[in-house]
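Asker: Just passing along the structure, written as structure tokens.
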Amino acid sequence: MFRFVFVLICLGVGFVASVPTPDKRIVGGIPAESEDAPWMVSMRNSFNIHFCGATLLSSRFVLTAATCMQGRLSSTTMAVVGSRFLNTVAAPYYGLQTINHPQFNQNTLEFNVALFQTIQNVIFTSIVQPIQLNPTFISQGSRARMFGWGAIENGGGNSNALNFVNLNVIDNDNCRDILGAEGMRVAASSMCTLNREGQGLCTNDAGGALVLDNLAIGVASWKIPCATGRPDVFVRISAIRDWIVSII
């Protein structure tokens with residue numbers, strides 16, 4: 001009986017458990033397991049607050065969205081690796097520089113990607129590993145996976161636990177039609193995903209990688225908040241891979 005009462009008290013006061021809870025997730029997603037995404041990075045400000053996702057590419061470079069880094073100093077920004085939970089101790093790596101894609105367009109968000117170079121080498125472990133980049137064009141019908149600590153609803157706060165959602169890649173023309181006027185921003189370098197209403201990206205999920213067969217295929221760029229049954233838009237890795245490889 002005491003144990004049952006204790007659980008009820010913990011739930012009532014918003015007790016922060018040591019395991020993921022089902023109501024803290026990417027919209028419509030589920031909690032990730034240990035070692036599911038060893039390449040996943042939490043981008044944080046100088047107050048240790050998560051603001052975007054990112055992907056570990058090498059011992060010195062992290063890939064994220066260019067919009068995530070706008071107005072931020074690399075030297076006061078941290079790439080945090082090695083933990084599924086935002087409130088646990090993990091390895092922070094401060095930045096040396098941020099390199100935006102040379103064709104990044106702030107208005108259309110085309111090529112909305114940036115490389116964040118850390119001052120020190122990231123130490124690889126069983127739960128901290130870089131991801132490989134997919135070199136080929138991914139067509140519609142593929143079912144990929146997106147991880148993040150973003151909000152579970154529009155206007156909500158970050159999830160403490162890392163979560164994932166499975167997303168269906170759709171054709172760019174179909175994506176433009178569904179988005180209407182906003183569809184003008186879907187370029188050849190873009191990739192769209194679409195699931196039912198209630199599943200998709202939300203605030204602070206930008207910058208994370210869309211993954212297929214353990215290869216990064218896209219970088220989360222923009223969405224119509226949040227999980228409203230309209231497409232989420234990514235930058236295609238195949239469109240930026242040569243640029244990335246030339247730097248890292």
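The way I read the labels, and the way they are meant: chains A, B, ... in the order of the structure tokens, residue 1 as the first residue of every chain, and ligand 1 as the first ligand shown, with later ones counted on from there.
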Near A:Ile49, within 12 Å and counting only C-alpha atoms, which residues show up once chain neighbours fewer than 6 positions away are dropped, as a ChimeraX atom specification?
Answerer: /A:42-43,76-80,86-87,92,149-150,157-160,204
Asker: Suppose we keep N, CA, C and O atoms; can you now write the selection as an mmCIF file, in the first residue's frame?
Answerer:
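Produced file again.cif, reproduced below:
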```cif
data_model
loop_
_atom_site.group_PDB
_atom_site.id
_atom_site.type_symbol
_atom_site.label_atom_id
_atom_site.label_comp_id
_atom_site.auth_asym_id
_atom_site.auth_seq_id
_atom_site.Cartn_x
_atom_site.Cartn_y
_atom_site.Cartn_z
ATOM 1 N N SER A 42 22.355 17.259 -28.289
ATOM 2 C CA SER A 42 21.502 18.336 -27.781
ATOM 3 C C SER A 42 22.286 19.638 -27.844
ATOM 4 O O SER A 42 23.327 19.779 -27.199
ATOM 5 N N MET A 43 21.803 20.597 -28.626
ATOM 6 C CA MET A 43 22.429 21.917 -28.685
ATOM 7 C C MET A 43 21.851 22.772 -27.560
ATOM 8 O O MET A 43 20.628 22.901 -27.430
ATOM 9 N N THR A 76 29.824 30.233 -26.691
ATOM 10 C CA THR A 76 28.933 30.083 -25.535
ATOM 11 C C THR A 76 27.840 29.045 -25.792
ATOM 12 O O THR A 76 26.885 28.944 -25.022
ATOM 13 N N THR A 77 27.983 28.304 -26.870
ATOM 14 C CA THR A 77 27.018 27.267 -27.229
ATOM 15 C C THR A 77 27.643 25.901 -27.003
ATOM 16 O O THR A 77 28.816 25.685 -27.302
ATOM 17 N N MET A 78 26.856 24.962 -26.494
ATOM 18 C CA MET A 78 27.351 23.622 -26.193
ATOM 19 C C MET A 78 26.680 22.572 -27.066
ATOM 20 O O MET A 78 25.462 22.628 -27.296
ATOM 21 N N ALA A 79 27.472 21.626 -27.526
ATOM 22 C CA ALA A 79 26.958 20.398 -28.118
ATOM 23 C C ALA A 79 27.092 19.321 -27.039
ATOM 24 O O ALA A 79 28.200 18.996 -26.619
ATOM 25 N N VAL A 80 25.961 18.802 -26.575
ATOM 26 C CA VAL A 80 25.964 17.851 -25.462
ATOM 27 C C VAL A 80 25.638 16.456 -25.994
ATOM 28 O O VAL A 80 24.632 16.256 -26.690
ATOM 29 N N LEU A 86 17.662 15.139 -20.714
ATOM 30 C CA LEU A 86 18.225 16.478 -20.616
ATOM 31 C C LEU A 86 18.681 16.824 -19.204
ATOM 32 O O LEU A 86 19.553 17.674 -19.032
ATOM 33 N N ASN A 87 18.114 16.170 -18.198
ATOM 34 C CA ASN A 87 18.435 16.544 -16.820
ATOM 35 C C ASN A 87 19.517 15.674 -16.198
ATOM 36 O O ASN A 87 19.723 15.707 -14.985
ATOM 37 N N PRO A 92 29.596 18.059 -22.309
ATOM 38 C CA PRO A 92 29.373 19.266 -23.118
ATOM 39 C C PRO A 92 30.641 19.640 -23.895
ATOM 40 O O PRO A 92 31.746 19.589 -23.354
ATOM 41 N N TRP A 149 14.218 16.040 -28.629
ATOM 42 C CA TRP A 149 13.764 16.410 -27.286
ATOM 43 C C TRP A 149 12.733 17.531 -27.360
ATOM 44 O O TRP A 149 12.471 18.211 -26.370
ATOM 45 N N GLY A 150 12.150 17.743 -28.515
ATOM 46 C CA GLY A 150 11.248 18.869 -28.692
ATOM 47 C C GLY A 150 9.939 18.733 -27.936
ATOM 48 O O GLY A 150 9.649 17.715 -27.293
ATOM 49 N N GLY A 157 6.913 22.863 -23.519
ATOM 50 C CA GLY A 157 8.331 22.875 -23.215
ATOM 51 C C GLY A 157 9.028 21.640 -23.758
ATOM 52 O O GLY A 157 8.399 20.732 -24.313
ATOM 53 N N ASN A 158 10.350 21.613 -23.599
ATOM 54 C CA ASN A 158 11.132 20.480 -24.056
ATOM 55 C C ASN A 158 10.750 19.193 -23.321
ATOM 56 O O ASN A 158 10.353 19.216 -22.160
ATOM 57 N N SER A 159 10.913 18.070 -24.005
ATOM 58 C CA SER A 159 10.797 16.776 -23.366
ATOM 59 C C SER A 159 12.096 16.473 -22.647
ATOM 60 O O SER A 159 13.179 16.729 -23.175
ATOM 61 N N ASN A 160 12.031 15.926 -21.451
ATOM 62 C CA ASN A 160 13.253 15.525 -20.754
ATOM 63 C C ASN A 160 13.877 14.298 -21.416
ATOM 64 O O ASN A 160 15.095 14.184 -21.514
ATOM 65 N N ASN A 204 11.886 23.064 -31.117
ATOM 66 C CA ASN A 204 13.218 22.600 -30.677
ATOM 67 C C ASN A 204 13.601 21.220 -31.191
ATOM 68 O O ASN A 204 14.573 20.635 -30.719
#
```
Asker: Can you list every residue in stretch 120-184 of chain A that DSSP puts in strand (DSSP E or B), as a ChimeraX atom specification?
Answerer: /A:125,128,132-133,143-148,161,163-170
Asker: Per residue of stretch 177-198 of chain A within 10 Å of stretch 211-226 of chain A, note the shortest atom pair and the distance in Å to one decimal, counting only C-alpha atoms, and order the rows by chain and increasing residue number, as a tab-separated table.
Answerer:
```
residue	atom	partner	partner_atom	distance
A:Leu179	CA	A:Ile224	CA	8.8
A:Glu182	CA	A:Ile224	CA	9.1
A:Arg185	CA	A:Trp222	CA	10.0
A:Ser189	CA	A:Gly218	CA	9.8
A:Ser190	CA	A:Gly218	CA	8.4
A:Met191	CA	A:Gly218	CA	7.1
A:Cys192	CA	A:Gly218	CA	9.3
A:Glu197	CA	A:Cys226	CA	9.1
A:Gly198	CA	A:Cys226	CA	8.0
```
Asker: Go through A:Leu201, A:Ile119, A:Ala161, A:Leu56 and flag the residue nearest A:Ile30, using only C-alpha atoms for the distances.
Answerer: A:Ala161
Asker: If you take only C-alpha atoms and a cut-off of 6 Å, which residues of stretch 81-158 of chain A touch stretch 167-171 of chain A, and what are their nearest atom pairs and distances in Å to one decimal, in chain and number order, as a Markdown table?
Answerer:
```
| residue | atom | partner | partner_atom | distance |
| --- | --- | --- | --- | --- |
| A:Gln140 | CA | A:Ile170 | CA | 4.4 |
| A:Gly141 | CA | A:Val169 | CA | 5.6 |
| A:Ser142 | CA | A:Val169 | CA | 5.3 |
| A:Arg143 | CA | A:Asn168 | CA | 4.6 |
| A:Ala144 | CA | A:Leu167 | CA | 5.3 |
| A:Arg145 | CA | A:Leu167 | CA | 5.9 |
```
Asker: Output C-alpha atoms for every residue in the selection just made, as a PDB file, in the first residue's frame.
Answerer:
```
ATOM      1  CA  GLN A 140       8.769   8.761 -51.697  1.00  0.00           C
ATOM      2  CA  GLY A 141       7.487   5.781 -49.797  1.00  0.00           C
ATOM      3  CA  SER A 142      10.541   5.386 -47.575  1.00  0.00           C
ATOM      4  CA  ARG A 143       9.802   5.179 -43.848  1.00  0.00           C
ATOM      5  CA  ALA A 144      12.418   6.983 -41.794  1.00  0.00           C
ATOM      6  CA  ARG A 145      12.913   7.850 -38.131  1.00  0.00           C
TER       7      ARG A 145
END
```
Asker: So, with only C-alpha atoms as the atoms that count, which of A:Val186, A:Ala209, A:Leu115, A:Leu162 lies closest to A:Glu33?
Answerer: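 Checking each of A:Val186, A:Ala209, A:Leu115, A:Leu162 against A:Glu33, counting only C-alpha atoms, the winner is A:Leu162.
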Asker: So that I can check the surroundings of A:Ala54, please list as a list in words every protein, DNA and RNA residue that reaches within 9 Å of it, counting only C-alpha atoms and ignoring chain neighbours fewer than 5 positions away.
Answerer: Trp39, Met40, Val41, Ser42, Met43, Val62, Leu63, Thr64, Ala65, Ala79, Gly148, Asp205, Ala206, Gly207, Gly208, Ala209 and Val219 of chain A
Asker: What is the distance, in Å and to one decimal place, between atom CA of A:Asp36 and atom CA of A:Gly156?
Answerer: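 Atom CA of A:Asp36 sits 24.7 Å away from atom CA of A:Gly156.
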Asker: Measuring atom to atom with only C-alpha atoms, identify which of A:Ala151, A:Ile237, A:Ile247, A:Val165 is nearest to A:Val113.
Answerer: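 Going through A:Ala151, A:Ile237, A:Ile247, A:Val165 one by one, the smallest distance to A:Val113 is for A:Ile237.
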Asker: One decimal, Å: what's the distance from atom CA of A:Phe147 over to atom CA of A:Pro31, could you say?
Answerer: 9.3 Å
Asker: For the structure I just gave you, how does DSSP split stretch 163-205 of chain A - specifically, which residues are alpha helix (DSSP H)? Reply as a ChimeraX atom specification.
Answerer: /A:172-179
Asker: Could you please determine the separation between atom CA of A:Thr228 and atom CA of A:Leu210 in Å, to one decimal place?
Answerer: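 Atom-to-atom, atom CA of A:Thr228 to atom CA of A:Leu210, that is 18.9 Å.
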Asker: Given the choices A:Gln117, A:His101, A:Asp242, A:Pro38, which gets closest to A:Ser75 if the distance is worked out from only C-alpha atoms?
Answerer: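 Selected residue with least distance to A:Ser75: A:Gln117.
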Asker: For A:Glu35, please output as a list in words all residues within 9 Å (counting only C-alpha atoms; exclusion window: fewer than 2 positions along the same chain).
Answerer: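 That gives Ala32, Glu33, Ala37, Pro38, Arg84, Ser126, Ile127 and Val128 of chain A.
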